[in-house]
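Worksheet for the structure shown next.
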Amino acid sequence: MTSNPIVTLAGVAKRYGAFLALQETDLAIAEGEFVTLLGPSGCGKTTTLRLIGGFEQASAGRIAIAGQDVTDSPPYRRPVNTVFQDYALFPHMSVAENIGYGLSVKSGRVAKAERDRRVADALAMVGLEGKAGMRPGALSGGQRQRVAMARAIVRRPRVLLLDEPLSALDVKLREGMQVELKRLHRELGITFLMVTHDQNEALALSDRIVVMREGRIAQVGSPTDLYDRPASPYVADFIGGANLADAEALGGGAFRLAGGQVLHSRRGEAARFAAGRHASLGLRAEHLHVTAAGPENTLACTVMERLFHGDRLRVELMPEGVARPIFAELPRTTVPAELAPGDRVTIGIDPADVLVFEAEGGR
Amino acid sequence: MNLTRRTFPGFAALFSLPLFWVLLLMVVPYAIMISVGFWSRQFPLFYPDFQFGNYAQIAADPQYTTVILRTLKIAASVTLCSLLLGYPLAYFLVFTVRSRALRNLLYMSVIVPLWVSYLLRAYTWKIILGTDGALNSLLVSTGIVSAPLDIFLYNQTAMVVTLVYIFVPFMVMPLFAVLDNIPRRLIEASEDLGVGPFMTFWKVIFPLSLGGVVAGATMTFCLSFGDFVAPVLVGGPDGTMVANLLQTQFGAALNWPLGSALATLVLALVLILLQLSSRLDRAGRVDLS
């Protein structure tokens, strides 16, 4: 996958005074990939993007784009373009002038006719024909977003950087733009590197996701990799969401929760836990189901709260003897209609779905 | 209709005092000034009249045209010099100085001279440029010239220098405000699109700062246009400006009707200028949010 990297970070770090925004990081992005940097605010994802765009100087390490070392190059000498979070459209220029801006200067100059054609193409590509003469101030948020996209792709960058491109849009518009982004990526065939804190956006759009935490990469993988095989409780919780429960290994894939209830895991990593070791179990809300009491992989729980989500119910449960509640996403048809807070219920989970991690303090 | 009647007493009560002040301190004086401009004079008295003799006299006597043109020229030079000095300073304060404390300190140092008497600040340049002034002492002590020169003071250049010194804060203030308001993201976006710092300045920063340029230029121009202290202190025989002529008409010459006509003319010129400037400002205004 990284045999033909278009972007390479080698030991790149960024420090602001005493604050280490990005620890030494290695990352290779292949040509044509759609890669997402995902994490909560302050995890270093935006810093990473700005380092690649050239808006920040790396404190250590080297950055190469398309085989050229650009570590010390200013933004205007890098073969990348950025879609900014707040779009950063030039308010004193029309839509067409904004889009053609990067084609009118030395580094990107093209003949007037060619420029007009490419601006028109870019406008058509984002569905804004007829808005060429308008000022950005007269456009809606979604239209500004499209202008920002058109302005960034018109220069045909090797890599398109997207800094939380959809975060300023309302939910409906955002879902529509996700489809647009995916289509643009396919049609343009260039590398997309996107920053987001929205895991759904990352899962829906990316070929690969880089999950970041506190200035370092927590895990890199395809959306299915990260969902099915999270490397840490943090990733399990951030991608898809997971209930985490402390447990003690009994050997042979069995784990005892606080309070004495036992769960089995048939996953590969479970076998590595010798009897007596502490572990952290990850139970995804959507893997839990209501079942009859039985010996195999069930938890006796008390219902704390039920929330109606249309076709699903989100139920807060307190397993017996456990101090922290867990959440279950249950299909509406599988839940008894009269289930109410205070009721006792048996919850089952497939042993193949019980994630096991090294015990870790914190989350 | 009903609404208007019900709120009128409240409206009147709320605004009568300010309206009264505006009437007393602005409308009435201007009306007096304009009407006195049509009066006649029979030395040493003047009496109410309605005739255009004063304006005819201003138009006929080349002295007045010369002085008005000279005043325009000096005010324009002051404006241009203030812009050339003030813009780089405001740019430096906004984009180069990283430390907020240092920036505020430097900005204050531009503003603080305004707390000192205007007369004193004008007088300072008499001391600097005079024959036994600071500049000559420096030139003599460093051996650049052997004897003090008298070419620095009492000419139009000295007036421009003095007026620029006095009025440059009025240029820096609006420029600072408008530059500080430009989102840094726009500059990043420009560089991201392959445009270097020089062209980014001309295509993004400068166009977006035009409002400040217009505001600063209008203020420095109008303030210099009406100045009468610099000509007296550092101007030479050819340094008379319109305000000095006015002063003379109301003082030594004792010709209020002519002075009023002249003042009305100056008022008209400045109003035209303000109108132009506000048009220019509105045309260039953009939404930065």
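Chain identifiers are assigned as A, B, and so on, following the order in which chains appear in the structure tokens; residues are numbered from 1 within each chain, and ligands are numbered from 1 in order of appearance.
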Give me the chain A side of the contact with chain B, cut-off 8 Å, one line per residue showing its nearest atom pair and distance in Å at one decimal, counting only C-alpha atoms, sorted by chain and residue number, as CSV.
residue,atom,partner,partner_atom,distance
A:Gly53,CA,B:Asp192,CA,7.3
A:Phe55,CA,B:Glu188,CA,7.1
A:Pro74,CA,B:Glu191,CA,8.0
A:Pro75,CA,B:Asp192,CA,5.2
A:Tyr76,CA,B:Gly194,CA,3.8
A:Arg77,CA,B:Gly194,CA,6.3
A:Arg78,CA,B:Gly194,CA,7.8
A:Val80,CA,B:Asp192,CA,7.5
A:Asn81,CA,B:Asp192,CA,5.8
A:Thr82,CA,B:Asp192,CA,6.6
A:Phe84,CA,B:Ala189,CA,7.7
A:Ala88,CA,B:Leu186,CA,5.2
A:Leu89,CA,B:Leu186,CA,6.9
A:Phe90,CA,B:Leu186,CA,6.6
A:Pro91,CA,B:Val286,CA,6.0
A:His92,CA,B:Val286,CA,6.0
A:Tyr101,CA,B:Leu193,CA,7.4
A:Gly102,CA,B:Leu193,CA,4.7
A:Val105,CA,B:Val195,CA,6.3
A:Lys106,CA,B:Val195,CA,7.6
A:Ser107,CA,B:Gly194,CA,5.9
A:Gly108,CA,B:Gly194,CA,6.8
A:Gly137,CA,B:Asp287,CA,6.4
A:Ala152,CA,B:Leu193,CA,7.4
A:Arg155,CA,B:Leu193,CA,7.7
Quick one: pick out all strand (DSSP E) residues within range 24-217 of chain A from a backbone DSSP run and write them as a tab-separated table (two decimals) with C-alpha atoms, in the first residue's frame.
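So states06.tsv came out as:
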chain	number	residue	atom	x	y	z
A	24	GLU	CA	7.82	12.14	16.29
A	25	THR	CA	5.57	10.69	13.64
A	26	ASP	CA	6.14	8.48	10.61
A	27	LEU	CA	3.43	8.25	8.01
A	28	ALA	CA	3.31	7.29	4.34
A	29	ILE	CA	0.34	8.04	2.12
A	30	ALA	CA	0.00	6.27	-1.22
A	34	PHE	CA	-8.30	8.89	0.62
A	35	VAL	CA	-6.74	9.15	4.06
A	36	THR	CA	-8.37	10.66	7.11
A	37	LEU	CA	-6.69	11.99	10.22
A	38	LEU	CA	-9.16	11.31	12.99
A	60	ALA	CA	12.06	17.87	13.71
A	61	GLY	CA	11.90	15.33	10.91
A	62	ARG	CA	11.48	15.57	7.14
A	63	ILE	CA	8.39	15.90	4.95
A	64	ALA	CA	8.42	14.77	1.34
A	65	ILE	CA	5.67	15.28	-1.21
A	68	GLN	CA	10.59	16.10	-3.17
A	69	ASP	CA	11.73	17.15	0.26
A	80	VAL	CA	-0.77	20.61	-2.53
A	81	ASN	CA	-3.89	22.70	-2.11
A	82	THR	CA	-6.07	23.11	0.93
A	83	VAL	CA	-9.79	23.34	1.58
A	159	VAL	CA	-2.57	16.06	-2.82
A	160	LEU	CA	-5.75	17.78	-1.70
A	161	LEU	CA	-5.73	18.71	1.99
A	162	LEU	CA	-9.12	19.09	3.65
A	163	ASP	CA	-9.30	20.67	7.09
A	191	THR	CA	-4.79	11.88	-3.10
A	192	PHE	CA	-7.16	13.29	-0.48
A	193	LEU	CA	-5.95	13.89	3.05
A	194	MET	CA	-8.75	14.97	5.35
A	195	VAL	CA	-8.85	16.03	8.97
A	196	THR	CA	-12.00	15.34	10.93
A	208	ARG	CA	-7.41	4.45	5.43
A	209	ILE	CA	-7.90	6.17	8.75
A	210	VAL	CA	-5.12	7.49	10.97
A	211	VAL	CA	-6.48	7.62	14.51
A	212	MET	CA	-4.58	10.15	16.59
A	213	ARG	CA	-4.40	10.77	20.28
A	216	ARG	CA	0.72	10.65	18.34
A	217	ILE	CA	-0.75	8.06	16.00
Test item: residues at most 9 Å from Leu128 in chain A, only C-alpha atoms, excluding those fewer than 4 positions along its chain, as JSON, numbers by chain: {"A": [122, 123, 124, 132, 143, 146, 147]}
Could you write out the selected residues, including C-alpha atoms, as an mmCIF file, in the first residue's frame?
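Wrote out-v5.cif, looks like this:
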data_model
loop_
_atom_site.group_PDB
_atom_site.id
_atom_site.type_symbol
_atom_site.label_atom_id
_atom_site.label_comp_id
_atom_site.auth_asym_id
_atom_site.auth_seq_id
_atom_site.Cartn_x
_atom_site.Cartn_y
_atom_site.Cartn_z
ATOM 1 C CA ALA A 122 -14.282 23.352 -11.787
ATOM 2 C CA LEU A 123 -17.568 25.216 -11.316
ATOM 3 C CA ALA A 124 -19.390 22.484 -13.221
ATOM 4 C CA ALA A 132 -19.429 32.634 -11.345
ATOM 5 C CA GLN A 143 -22.152 26.886 -1.840
ATOM 6 C CA ARG A 146 -18.161 24.077 -3.047
ATOM 7 C CA VAL A 147 -16.305 27.205 -4.143
#
Long-range neighbours of range 14-16 of chain A as a list in words, 9 Å cut-off, only C-alpha atoms, 3 positions minimum in chain: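 What passes the distance filter is Phe19, Leu20, Ala21, Leu22, Gln23, Glu24, Gly44, Thr47, Thr48, Leu51, Glu56, Gln57, Ala58, Ser59, Ala60 and Gly215 of chain A.
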What does the file look like for those residues with C-alpha atoms, as a PDB file, in the first residue's frame?
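As written to disk, part-v3.pdb reads:
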ATOM      1  CA  PHE A  19       3.901  22.039  24.387  1.00  0.00           C
ATOM      2  CA  LEU A  20       4.499  19.055  22.132  1.00  0.00           C
ATOM      3  CA  ALA A  21       1.660  19.246  19.601  1.00  0.00           C
ATOM      4  CA  LEU A  22       2.951  16.353  17.521  1.00  0.00           C
ATOM      5  CA  GLN A  23       5.357  13.696  18.705  1.00  0.00           C
ATOM      6  CA  GLU A  24       7.822  12.138  16.290  1.00  0.00           C
ATOM      7  CA  GLY A  44      -2.405  16.863  16.580  1.00  0.00           C
ATOM      8  CA  THR A  47      -1.085  20.320  13.134  1.00  0.00           C
ATOM      9  CA  THR A  48      -0.122  17.392  10.912  1.00  0.00           C
ATOM     10  CA  LEU A  51       2.781  20.838   8.487  1.00  0.00           C
ATOM     11  CA  GLU A  56       3.752  25.362  10.159  1.00  0.00           C
ATOM     12  CA  GLN A  57       7.440  24.552  10.295  1.00  0.00           C
ATOM     13  CA  ALA A  58       8.336  21.109  11.590  1.00  0.00           C
ATOM     14  CA  SER A  59      10.459  21.152  14.765  1.00  0.00           C
ATOM     15  CA  ALA A  60      12.061  17.867  13.712  1.00  0.00           C
ATOM     16  CA  GLY A 215      -0.004  14.157  19.532  1.00  0.00           C
TER      17      GLY A 215
END
Expected answer as a ChimeraX atom specification: alpha helix (DSSP H) residues in range 93-169 of chain B: /B:100-111,118-129,134-141,156-169
Requested write-out: N, CA and C atoms of the selected residues, as a tab-separated table (two decimals), in the first residue's frame:
chain	number	residue	atom	x	y	z
B	100	ARG	N	2.08	40.23	21.77
B	100	ARG	CA	0.95	41.13	21.94
B	100	ARG	C	1.36	42.35	22.77
B	101	ALA	N	2.17	42.11	23.81
B	101	ALA	CA	2.58	43.20	24.69
B	101	ALA	C	3.40	44.22	23.90
B	102	LEU	N	4.35	43.73	23.10
B	102	LEU	CA	5.20	44.64	22.32
B	102	LEU	C	4.35	45.41	21.31
B	103	ARG	N	3.39	44.71	20.70
B	103	ARG	CA	2.54	45.37	19.71
B	103	ARG	C	1.76	46.51	20.35
B	104	ASN	N	1.17	46.23	21.53
B	104	ASN	CA	0.41	47.28	22.21
B	104	ASN	C	1.29	48.45	22.60
B	105	LEU	N	2.51	48.13	23.03
B	105	LEU	CA	3.44	49.18	23.43
B	105	LEU	C	3.77	50.07	22.23
B	106	LEU	N	4.07	49.45	21.09
B	106	LEU	CA	4.42	50.21	19.90
B	106	LEU	C	3.22	51.02	19.41
B	107	TYR	N	2.05	50.41	19.49
B	107	TYR	CA	0.85	51.11	19.05
B	107	TYR	C	0.61	52.33	19.94
B	108	MET	N	0.79	52.13	21.25
B	108	MET	CA	0.61	53.25	22.18
B	108	MET	C	1.60	54.37	21.88
B	109	SER	N	2.81	53.99	21.49
B	109	SER	CA	3.82	55.02	21.23
B	109	SER	C	3.44	55.86	20.00
B	110	VAL	N	2.58	55.31	19.16
B	110	VAL	CA	2.06	56.11	18.04
B	110	VAL	C	0.98	57.07	18.54
B	111	ILE	N	0.21	56.59	19.51
B	111	ILE	CA	-0.95	57.36	19.98
B	111	ILE	C	-0.57	58.42	21.02
B	118	TYR	N	-0.90	70.12	20.76
B	118	TYR	CA	-0.67	70.20	19.33
B	118	TYR	C	0.34	71.30	18.99
B	119	LEU	N	0.21	72.42	19.71
B	119	LEU	CA	1.09	73.55	19.48
B	119	LEU	C	2.54	73.18	19.80
B	120	LEU	N	2.66	72.43	20.90
B	120	LEU	CA	3.98	72.03	21.36
B	120	LEU	C	4.65	71.12	20.33
B	121	ARG	N	3.83	70.20	19.78
B	121	ARG	CA	4.39	69.26	18.81
B	121	ARG	C	4.80	69.98	17.53
B	122	ALA	N	4.05	71.00	17.16
B	122	ALA	CA	4.43	71.78	15.97
B	122	ALA	C	5.71	72.57	16.26
B	123	TYR	N	5.77	73.09	17.48
B	123	TYR	CA	6.91	73.92	17.86
B	123	TYR	C	8.21	73.10	17.88
B	124	THR	N	8.05	71.79	18.24
B	124	THR	CA	9.21	70.90	18.29
B	124	THR	C	10.02	70.97	16.99
B	125	TRP	N	9.29	71.04	15.88
B	125	TRP	CA	10.00	71.01	14.59
B	125	TRP	C	10.73	72.32	14.30
B	126	LYS	N	10.26	73.39	14.92
B	126	LYS	CA	10.98	74.66	14.82
B	126	LYS	C	12.35	74.49	15.47
B	127	ILE	N	12.35	73.77	16.60
B	127	ILE	CA	13.60	73.55	17.33
B	127	ILE	C	14.51	72.58	16.57
B	128	ILE	N	13.90	71.59	15.96
B	128	ILE	CA	14.73	70.60	15.25
B	128	ILE	C	15.33	71.20	13.98
B	129	LEU	N	14.50	71.92	13.23
B	129	LEU	CA	14.93	72.36	11.89
B	129	LEU	C	15.61	73.73	11.88
B	134	ALA	N	18.49	71.20	16.34
B	134	ALA	CA	19.11	69.90	16.56
B	134	ALA	C	19.72	69.33	15.29
B	135	LEU	N	19.02	69.50	14.18
B	135	LEU	CA	19.52	68.94	12.92
B	135	LEU	C	20.84	69.60	12.52
B	136	ASN	N	20.89	70.93	12.63
B	136	ASN	CA	22.12	71.64	12.28
B	136	ASN	C	23.27	71.29	13.22
B	137	SER	N	22.97	71.18	14.52
B	137	SER	CA	24.02	70.80	15.48
B	137	SER	C	24.63	69.47	15.08
B	138	LEU	N	23.74	68.53	14.71
B	138	LEU	CA	24.22	67.21	14.32
B	138	LEU	C	25.11	67.31	13.08
B	139	LEU	N	24.64	68.04	12.07
B	139	LEU	CA	25.39	68.14	10.82
B	139	LEU	C	26.75	68.82	11.05
B	140	VAL	N	26.76	69.87	11.87
B	140	VAL	CA	28.01	70.59	12.14
B	140	VAL	C	28.96	69.71	12.95
B	141	SER	N	28.42	69.05	14.01
B	141	SER	CA	29.29	68.27	14.89
B	141	SER	C	29.86	67.06	14.17
B	156	GLN	N	7.89	75.17	2.47
B	156	GLN	CA	6.76	74.25	2.41
B	156	GLN	C	7.13	72.84	2.86
B	157	THR	N	8.40	72.47	2.61
B	157	THR	CA	8.84	71.14	3.05
B	157	THR	C	8.74	71.03	4.56
B	158	ALA	N	9.20	72.06	5.25
B	158	ALA	CA	9.13	72.05	6.71
B	158	ALA	C	7.67	71.91	7.17
B	159	MET	N	6.77	72.57	6.44
B	159	MET	CA	5.35	72.45	6.80
B	159	MET	C	4.84	71.03	6.62
B	160	VAL	N	5.23	70.43	5.51
B	160	VAL	CA	4.77	69.05	5.26
B	160	VAL	C	5.33	68.12	6.34
B	161	VAL	N	6.63	68.29	6.65
B	161	VAL	CA	7.25	67.44	7.68
B	161	VAL	C	6.50	67.58	8.99
B	162	THR	N	6.25	68.83	9.39
B	162	THR	CA	5.59	69.07	10.67
B	162	THR	C	4.18	68.49	10.68
B	163	LEU	N	3.44	68.72	9.60
B	163	LEU	CA	2.06	68.24	9.55
B	163	LEU	C	2.00	66.71	9.50
B	164	VAL	N	2.94	66.11	8.81
B	164	VAL	CA	2.98	64.64	8.77
B	164	VAL	C	3.21	64.12	10.18
B	165	TYR	N	4.17	64.73	10.87
B	165	TYR	CA	4.46	64.28	12.23
B	165	TYR	C	3.21	64.39	13.11
B	166	ILE	N	2.48	65.49	12.95
B	166	ILE	CA	1.33	65.72	13.83
B	166	ILE	C	0.17	64.78	13.48
B	167	PHE	N	-0.03	64.53	12.19
B	167	PHE	CA	-1.26	63.83	11.79
B	167	PHE	C	-1.08	62.35	11.45
B	168	VAL	N	0.15	61.85	11.46
B	168	VAL	CA	0.35	60.45	11.06
B	168	VAL	C	-0.41	59.46	11.96
B	169	PRO	N	-0.62	59.74	13.26
B	169	PRO	CA	-1.43	58.79	14.04
B	169	PRO	C	-2.83	58.59	13.48
Best match for closeness to Phe52 in chain B among B:Val232, B:Leu262, B:Val27, B:Leu276, counting only C-alpha atoms: B:Leu262
Given only C-alpha atoms as the counted atoms, nearest of B:Met173, B:Leu45, B:Leu25, B:Thr240 to Tyr154 in chain B: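 Distance minimum relative to Tyr154 in chain B lands on B:Thr240.
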Point-to-point distance in Å for CA of Gly240 in chain A and CA of Lys172 in chain A: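 If I compute the distance from CA of Lys172 in chain A to CA of Gly240 in chain A, I get 20.7 Å.
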Spatial neighbours of Gly226 in chain B, max dist 8 Å, only C-alpha atoms, sep filter under 4 positions, as a PyMOL selection string: chain B and resi 222+242-243
Resulting file, chosen residues, C-alpha atoms, as an mmCIF file, in the first residue's frame:
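Ended up saving to selection07.cif:
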data_model
loop_
_atom_site.group_PDB
_atom_site.id
_atom_site.type_symbol
_atom_site.label_atom_id
_atom_site.label_comp_id
_atom_site.auth_asym_id
_atom_site.auth_seq_id
_atom_site.Cartn_x
_atom_site.Cartn_y
_atom_site.Cartn_z
ATOM 1 C CA CYS B 222 -9.036 67.359 6.103
ATOM 2 C CA VAL B 242 -6.343 78.946 3.436
ATOM 3 C CA ALA B 243 -6.855 78.932 7.185
#
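Remark: for Gly241 in chain A, the closest of the candidate residues A:Val171, A:Ala340, A:Leu226, A:Leu181 is A:Leu226 (distances computed over only C-alpha atoms).
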Distance query range 182-186 of chain A at most 9 Å, only C-alpha atoms, self and fewer than 3 positions along chain excluded, as a list in words: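 My reading of the contact set: Gly32, Glu33, Phe34, Met125, Val126, Met177, Gln178, Val179, Gly189, Ile190, Thr191, Phe192, Ala204, Leu205 and Ser206 of chain A.
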Of the listed residues B:Leu258, B:Leu17, B:Leu246, B:Val94, that which approaches Asp227 in chain B most closely, counting only C-alpha atoms: B:Leu246
Selection: 7 Å around Arg306 in chain A, only C-alpha atoms, excl. self and same-chain fewer than 3 positions, as number ranges by chain: A: 313-316
CA of Val67 in chain B to CA of Val172 in chain B, distance in Å rounded to a single decimal: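 According to the coordinates, CA of Val67 in chain B and CA of Val172 in chain B are separated by 28.5 Å.
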